[in-house]
Amino acid sequence: MKYVIVTGGVISGLGKGITASSLGRLLIGAGYKVTAIKIDPYLNCDAGTMNPIQHGEVFVLDDGGEADLDLGNYERFLDINMNRNHNITTGKVYRAVLDKERRGDYLGKTVQIIPHITDEIRQWIKRVSKEAGADICIVEVGGTVGDIESMPFLEAARELHREVGHGNLLFLHTTLIPIVGAVGEQKTKPTQHSVMELRRVGIQPDMIVGRCSVEMEEDIREKIAMFCDVPKEAVISAPDAKSIYEVPLTLERQGALEYALKHLGLEKKQKDMKEWREFVSRILEPKNEVSIAVVGKYTHLHDSYLSIIESFRHAGAAQDAKVSIVWIEAEDLEQDKKKAWDALKQVDGVLIPGGFGSRGTEGKMIAIKHARENKIPLLGICYGFQLATVEFCRNVLGWKDANTTENDPKTKHPVVFILPEQKGVKDMGGTMRLGLYPVNIANGTKAHEIYGKEKIEERHRHRYEINPKFIAQIEKAGIKYTGRSPDRKRMEILELKGHPYFIASQFHPEFKSRPGKPSPLFAGLVKAALERKKAGKS
Ligand code: GLN
């Protein structure tokens, strides 16, 4: 097993995950099986209980693990499916160690951060990479070097290096090259300091990736090589990119792959970045353009909807179209703000994302009603699926008080209600209906046309569902539940008869969309939006 340990210096938010997954993509292109582990040094056991406004989207894995959004980047770049063990947090590590302590596994020893916590981390990394059957495991240490909470992880990385040997582990450090002053001079001092910080914990980087708004200058590269004691070819420039999918090609151009392979004692088994290159050129030079409104409640932090954004990139590339996302805060529609309405009226399609709680739900339903009545293509996801049902019951069936019991526990028309198995669940962490579940699609439906098959599997994250009691009446009025769980008890996909594209799903299709393999529901939305635009309707 070979390892690439990725650390970050100077500031957070440098796109460490993108750099790491880009190198991973190149290693796959060279013929290796690559997996990834993301370390988050916070105390939460997982990202499931974290507010998307603070931390970005919660990414859901096949096994129901609720993970940091970087896991989504790894899955998309490496085209692999990971499980919850690929996201290590301080909370998880301490929990494992404390469980062992309680069981008496430490045989009377004093349990300490070093060696017990660091051992746990090291064993965890080795176990997960082995289970994944990978040749190379990329381990990204979240946070910035110097943070107190990432110390045990860096110490574990140092120990791992010592254990497996220098030729089997590559330390990649990502830093910031700021540009200051009127002449726009690129500065290396923050990089030097962050490397010093790394050395203090016993780690000497083998490769340095410098993030900068523009290309790194040659003398800056030399300076970093000199002061940070790495060969010049191991200093890689990562300028701002138009698309994150360009980054593997940026690294490739500078020989990052060759350097990493040489360090790890590996040969290039094949050269296969052709498909990726084609995908990137379709992303960068699209012939068409459509605009899609995303009506949500976390629209100020786009990372809250990261997988949705990426799904649009994949769906757009497949149809040679740039998808311009128009962000609309649902509450602005409730307050009848002109700007929000103007935006909604101009788009070629609408997406209603998932969410929790009552804030913004009325606004989302205003957008759903607008799309339904004006035949604007619409895709609803999870809460969007539930609210499409509520809106229909209120405005078509005339059940004015129809609601989800999440917002109105006393409604006479609880058309969306709590999953039976959720009653009595008190813990909030990891207790929703999570992960991959099968869905059967009825023949001769739009959903069937889009997916091209009857049996699919998609990822879920919800506590509420459509109340079966009302289904017969809803279906009579025009919404059909065309995707259901195999026992037919759970509603999974709905579509509206007589509308060009009005589809919603209880599951989250955005978590399985990949470059070159767009999610069928997103592809369908973009296609319908393009058709609407071409017909001159928007
Ligand atoms: N709040 C809804 C539920 O728990 C929808 C969840 C979601 O959109 N992810 O069922």
# chains A, B, ... in the order shown; residues from 1 in each chain; ligands from 1
>>> closest_atom_pairs(of="chain A", to="ligand 1", cutoff="8 Å", atoms="only C-alpha atoms and all ligand atoms", output="JSON lines")
{"residue": "A:Pro353", "atom": "CA", "partner": "ligand 1", "partner_atom_place_in_ligand_line": "8 (O)", "distance": 6.7}
{"residue": "A:Gly354", "atom": "CA", "partner": "ligand 1", "partner_atom_place_in_ligand_line": "8 (O)", "distance": 3.0}
{"residue": "A:Gly355", "atom": "CA", "partner": "ligand 1", "partner_atom_place_in_ligand_line": "8 (O)", "distance": 4.0}
{"residue": "A:Phe356", "atom": "CA", "partner": "ligand 1", "partner_atom_place_in_ligand_line": "1 (N)", "distance": 3.9}
{"residue": "A:Gly357", "atom": "CA", "partner": "ligand 1", "partner_atom_place_in_ligand_line": "1 (N)", "distance": 6.2}
{"residue": "A:Ile381", "atom": "CA", "partner": "ligand 1", "partner_atom_place_in_ligand_line": "8 (O)", "distance": 6.6}
{"residue": "A:Cys382", "atom": "CA", "partner": "ligand 1", "partner_atom_place_in_ligand_line": "8 (O)", "distance": 4.2}
{"residue": "A:Tyr383", "atom": "CA", "partner": "ligand 1", "partner_atom_place_in_ligand_line": "8 (O)", "distance": 3.8}
{"residue": "A:Gly384", "atom": "CA", "partner": "ligand 1", "partner_atom_place_in_ligand_line": "8 (O)", "distance": 6.8}
{"residue": "A:Gln386", "atom": "CA", "partner": "ligand 1", "partner_atom_place_in_ligand_line": "5 (C)", "distance": 7.3}
{"residue": "A:Glu406", "atom": "CA", "partner": "ligand 1", "partner_atom_place_in_ligand_line": "1 (N)", "distance": 7.0}
{"residue": "A:Ile418", "atom": "CA", "partner": "ligand 1", "partner_atom_place_in_ligand_line": "10 (O)", "distance": 7.4}
{"residue": "A:Met432", "atom": "CA", "partner": "ligand 1", "partner_atom_place_in_ligand_line": "4 (O)", "distance": 7.4}
{"residue": "A:His460", "atom": "CA", "partner": "ligand 1", "partner_atom_place_in_ligand_line": "9 (N)", "distance": 7.5}
{"residue": "A:Arg461", "atom": "CA", "partner": "ligand 1", "partner_atom_place_in_ligand_line": "9 (N)", "distance": 5.0}
{"residue": "A:His462", "atom": "CA", "partner": "ligand 1", "partner_atom_place_in_ligand_line": "10 (O)", "distance": 3.7}
{"residue": "A:Arg463", "atom": "CA", "partner": "ligand 1", "partner_atom_place_in_ligand_line": "4 (O)", "distance": 3.8}
{"residue": "A:Tyr464", "atom": "CA", "partner": "ligand 1", "partner_atom_place_in_ligand_line": "10 (O)", "distance": 3.6}
{"residue": "A:Glu465", "atom": "CA", "partner": "ligand 1", "partner_atom_place_in_ligand_line": "10 (O)", "distance": 6.0}
{"residue": "A:Gln506", "atom": "CA", "partner": "ligand 1", "partner_atom_place_in_ligand_line": "8 (O)", "distance": 7.9}
{"residue": "A:His508", "atom": "CA", "partner": "ligand 1", "partner_atom_place_in_ligand_line": "9 (N)", "distance": 7.6}
>>> residues_around(residues="range 154-168 of chain A", least_positions_apart="2", cutoff="10 Å", atoms="only C-alpha atoms", output="ChimeraX atom specification")
/A:1-7,113-115,117-123,125-126,136,139,141,145-146,149-152,170-171,198,201-204,206,261-266
>>> select_by_dssp(residues="range 342-407 of chain A", states="helix (DSSP H, G or I)", output="ChimeraX atom specification")
/A:342-346,361-373,383-395
>>> atom_distance(atom1="CA of Pro239 in chain A", atom2="CA of Asn73 in chain A")
18.7 Å
>>> closest_residue(among="A:Thr90, A:Arg514, A:Ser307, A:Lys339", to="Phe59 in chain A", atoms="only C-alpha atoms")
A:Ser307
>>> atom_distance(atom1="CA of Ile328 in chain A", atom2="CA of Lys364 in chain A")
9.6 Å
